[in-house]
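Okay, structure first, notes after.
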Amino acid sequence: MDIHPTVPRRLTGFFAHGRLTAIPVRPVVRHELLVHLTDTLFDAGRAYSEREVNDAFGTVHDDTAALRRYCVSDGLLVREQDGSSYRRVLVDA
């Protein structure tokens, strides 16, 4: 999957050949990246298993656990208490 052409201009420096080369350190920039990724990789209203979430993030970066944790902590993905599934949360940009 090559999501690079749709990457917001401010984030293009974090991508090469459609893959994320680094997770931004600055929280505001990282959040913008995570919003972009969740909007691009996940459908609203659908439950995803942890494996599906990892597979989706794996299309853009190897550290799927970090991306998953950041998305949960930023409130972009909601994890069921038992860990059985994740759902995308719609946010206003």
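Identifiers for the structure tokens are assigned positionally: chains receive A, B, ... in sequence, residues are indexed from 1 per chain, and ligands are indexed from 1 in the order shown.
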For Leu77 in chain A, list every protein, DNA or RNA residue within 7 Å, evaluated using only C-alpha atoms, and leave out those in the same chain fewer than 3 positions away; present the list as a PDB file with all heavy atoms, in the first residue's frame.
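After the write, around07.pdb holds the following:
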```pdb
ATOM      1  N   CYS A  71      -1.907   5.352  19.132  1.00  0.00           N
ATOM      2  CA  CYS A  71      -3.281   5.608  18.670  1.00  0.00           C
ATOM      3  C   CYS A  71      -4.289   5.416  19.795  1.00  0.00           C
ATOM      4  O   CYS A  71      -5.248   6.182  19.907  1.00  0.00           O
ATOM      5  CB  CYS A  71      -3.631   4.720  17.473  1.00  0.00           C
ATOM      6  SG  CYS A  71      -2.874   5.290  15.939  1.00  0.00           S
ATOM      7  N   VAL A  72      -4.065   4.428  20.633  1.00  0.00           N
ATOM      8  CA  VAL A  72      -4.960   4.210  21.775  1.00  0.00           C
ATOM      9  C   VAL A  72      -4.801   5.345  22.782  1.00  0.00           C
ATOM     10  O   VAL A  72      -5.786   5.929  23.238  1.00  0.00           O
ATOM     11  CB  VAL A  72      -4.713   2.829  22.428  1.00  0.00           C
ATOM     12  CG1 VAL A  72      -5.462   2.706  23.748  1.00  0.00           C
ATOM     13  CG2 VAL A  72      -5.130   1.712  21.475  1.00  0.00           C
ATOM     14  N   TYR A  86     -10.383  -3.575  18.442  1.00  0.00           N
ATOM     15  CA  TYR A  86     -10.120  -2.143  18.385  1.00  0.00           C
ATOM     16  C   TYR A  86     -11.119  -1.517  17.433  1.00  0.00           C
ATOM     17  O   TYR A  86     -11.517  -2.148  16.452  1.00  0.00           O
ATOM     18  CB  TYR A  86      -8.705  -1.870  17.845  1.00  0.00           C
ATOM     19  CG  TYR A  86      -7.602  -2.331  18.752  1.00  0.00           C
ATOM     20  CD1 TYR A  86      -7.241  -3.675  18.813  1.00  0.00           C
ATOM     21  CD2 TYR A  86      -6.894  -1.437  19.533  1.00  0.00           C
ATOM     22  CE1 TYR A  86      -6.222  -4.115  19.648  1.00  0.00           C
ATOM     23  CE2 TYR A  86      -5.868  -1.859  20.361  1.00  0.00           C
ATOM     24  CZ  TYR A  86      -5.545  -3.192  20.412  1.00  0.00           C
ATOM     25  OH  TYR A  86      -4.534  -3.624  21.227  1.00  0.00           O
ATOM     26  N   ARG A  87     -11.467  -0.275  17.690  1.00  0.00           N
ATOM     27  CA  ARG A  87     -12.340   0.492  16.791  1.00  0.00           C
ATOM     28  C   ARG A  87     -11.741   1.877  16.588  1.00  0.00           C
ATOM     29  O   ARG A  87     -11.198   2.465  17.521  1.00  0.00           O
ATOM     30  CB  ARG A  87     -13.736   0.652  17.375  1.00  0.00           C
ATOM     31  CG  ARG A  87     -14.558  -0.613  17.357  1.00  0.00           C
ATOM     32  CD  ARG A  87     -16.005  -0.323  17.773  1.00  0.00           C
ATOM     33  NE  ARG A  87     -16.757  -1.537  17.816  1.00  0.00           N
ATOM     34  CZ  ARG A  87     -17.362  -2.089  16.759  1.00  0.00           C
ATOM     35  NH1 ARG A  87     -17.300  -1.488  15.599  1.00  0.00           N
ATOM     36  NH2 ARG A  87     -18.029  -3.213  16.866  1.00  0.00           N
ATOM     37  N   ARG A  88     -11.896   2.363  15.377  1.00  0.00           N
ATOM     38  CA  ARG A  88     -11.452   3.734  15.059  1.00  0.00           C
ATOM     39  C   ARG A  88     -12.437   4.729  15.637  1.00  0.00           C
ATOM     40  O   ARG A  88     -13.644   4.535  15.566  1.00  0.00           O
ATOM     41  CB  ARG A  88     -11.375   3.900  13.539  1.00  0.00           C
ATOM     42  CG  ARG A  88     -10.979   5.281  13.127  1.00  0.00           C
ATOM     43  CD  ARG A  88     -10.870   5.368  11.620  1.00  0.00           C
ATOM     44  NE  ARG A  88     -11.193   6.714  11.213  1.00  0.00           N
ATOM     45  CZ  ARG A  88     -11.711   7.051  10.071  1.00  0.00           C
ATOM     46  NH1 ARG A  88     -11.988   6.135   9.183  1.00  0.00           N
ATOM     47  NH2 ARG A  88     -11.966   8.300   9.784  1.00  0.00           N
ATOM     48  N   VAL A  89     -11.909   5.785  16.210  1.00  0.00           N
ATOM     49  CA  VAL A  89     -12.720   6.867  16.740  1.00  0.00           C
ATOM     50  C   VAL A  89     -12.658   8.003  15.736  1.00  0.00           C
ATOM     51  O   VAL A  89     -11.565   8.392  15.299  1.00  0.00           O
ATOM     52  CB  VAL A  89     -12.179   7.332  18.121  1.00  0.00           C
ATOM     53  CG1 VAL A  89     -12.963   8.538  18.623  1.00  0.00           C
ATOM     54  CG2 VAL A  89     -12.233   6.193  19.123  1.00  0.00           C
TER      55      VAL A  89
END
```
Pick out the residues sitting within 10 Å of Arg30 in chain A, and hand them over as an MDAnalysis selection string; count only C-alpha atoms, and ignore anything fewer than 6 positions along from it in its own chain. chainID A and resid 11 22:24 36 67 70:71 74
Just-selected residues, N, CA and C atoms written as a compact mmCIF listing (two decimals), in the first residue's frame:
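What ended up in result-v2.txt:
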```
# COMPACT_ATOMS: atom_id res chain seq x y z
N LEU A 11 3.85 16.25 6.75
CA LEU A 11 4.32 14.94 7.19
C LEU A 11 5.16 14.21 6.15
N ALA A 22 10.16 7.27 10.30
CA ALA A 22 10.33 7.60 11.72
C ALA A 22 8.99 8.06 12.28
N ILE A 23 8.78 7.75 13.55
CA ILE A 23 7.60 8.24 14.26
C ILE A 23 7.99 9.57 14.88
N PRO A 24 7.26 10.64 14.56
CA PRO A 24 7.63 11.96 15.10
C PRO A 24 7.69 11.97 16.62
N HIS A 36 -3.78 10.85 10.41
CA HIS A 36 -3.67 10.48 8.99
C HIS A 36 -3.68 8.96 8.82
N LEU A 67 2.85 2.20 17.19
CA LEU A 67 1.77 2.92 16.52
C LEU A 67 0.42 2.62 17.16
N TYR A 70 0.28 4.39 20.63
CA TYR A 70 0.08 5.83 20.45
C TYR A 70 -1.36 6.15 20.03
N CYS A 71 -1.91 5.35 19.13
CA CYS A 71 -3.28 5.61 18.67
C CYS A 71 -4.29 5.42 19.79
N ASP A 74 -3.80 8.35 22.27
CA ASP A 74 -4.31 9.60 21.70
C ASP A 74 -5.81 9.58 21.45
```
Proximity to Gly18 in chain A - best of A:Val60, A:Ala47, A:Ala66, A:Leu34, only C-alpha atoms: A:Val60
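Coordinates place CA of Asn54 in chain A at a distance of 15.6 Å from CA of Glu80 in chain A.
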Given only C-alpha atoms as the counted atoms, nearest of A:Val78, A:Thr59, A:Arg68, A:His17 to Gly45 in chain A: A:Val78
Picked from chain A by DSSP as alpha helix (DSSP H), as a VMD selection string: chain A and resid 27 to 41 50 to 58 64 to 73
For CA of Arg79 in chain A and CA of Val25 in chain A, the interatomic separation in Å (one decimal): 23.2 Å
Would you pick out the contacts of Glu32 in chain A at 9 Å or less, using only C-alpha atoms, so that residues sharing its chain but fewer than 4 positions from it are not included, and give the list as a list in words? Pro8, Leu11, Pro27, Val28, His36, Leu37 and Ala93 of chain A
Just-selected residues, N, CA and C atoms written as an mmCIF file, in the first residue's frame:
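Output (out07.cif):
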```cif
data_model
loop_
_atom_site.group_PDB
_atom_site.id
_atom_site.type_symbol
_atom_site.label_atom_id
_atom_site.label_comp_id
_atom_site.auth_asym_id
_atom_site.auth_seq_id
_atom_site.Cartn_x
_atom_site.Cartn_y
_atom_site.Cartn_z
ATOM 1 N N PRO A 8 -0.341 14.440 4.239
ATOM 2 C CA PRO A 8 -0.309 15.898 4.369
ATOM 3 C C PRO A 8 1.119 16.424 4.195
ATOM 4 N N LEU A 11 3.855 16.255 6.746
ATOM 5 C CA LEU A 11 4.317 14.939 7.186
ATOM 6 C C LEU A 11 5.157 14.206 6.148
ATOM 7 N N PRO A 27 4.755 15.671 20.092
ATOM 8 C CA PRO A 27 3.393 15.150 20.242
ATOM 9 C C PRO A 27 2.395 15.704 19.228
ATOM 10 N N VAL A 28 2.460 16.982 18.902
ATOM 11 C CA VAL A 28 1.493 17.573 17.968
ATOM 12 C C VAL A 28 1.671 16.978 16.569
ATOM 13 N N HIS A 36 -3.778 10.846 10.410
ATOM 14 C CA HIS A 36 -3.666 10.483 8.995
ATOM 15 C C HIS A 36 -3.683 8.963 8.820
ATOM 16 N N LEU A 37 -2.906 8.261 9.623
ATOM 17 C CA LEU A 37 -2.836 6.805 9.496
ATOM 18 C C LEU A 37 -4.168 6.137 9.809
ATOM 19 N N ALA A 93 -10.621 17.120 12.410
ATOM 20 C CA ALA A 93 -9.221 17.492 12.111
ATOM 21 C C ALA A 93 -8.863 18.846 12.613
#
```
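Rounded to one decimal, CA of His31 in chain A and CA of Asp55 in chain A lie 20.3 Å from each other.
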Residues of chain A classed as strand (DSSP E) by DSSP on the backbone are to be reported as a ChimeraX atom specification. /A:15-16,19-20,47-48,77-79,86-88
Please provide the set of residues having any atom within 10 Å of Ala56 in chain A, restricted to only C-alpha atoms, with same-chain residues fewer than 4 positions apart removed, written as a PyMOL selection string. chain A and resi 1+37-38+40-42+48+50-52+60-61+64
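Proximity of A:Ser49, A:Gly58, A:Leu33, A:Ala44 to Arg19 in chain A, computed with only C-alpha atoms, is greatest for A:Gly58.
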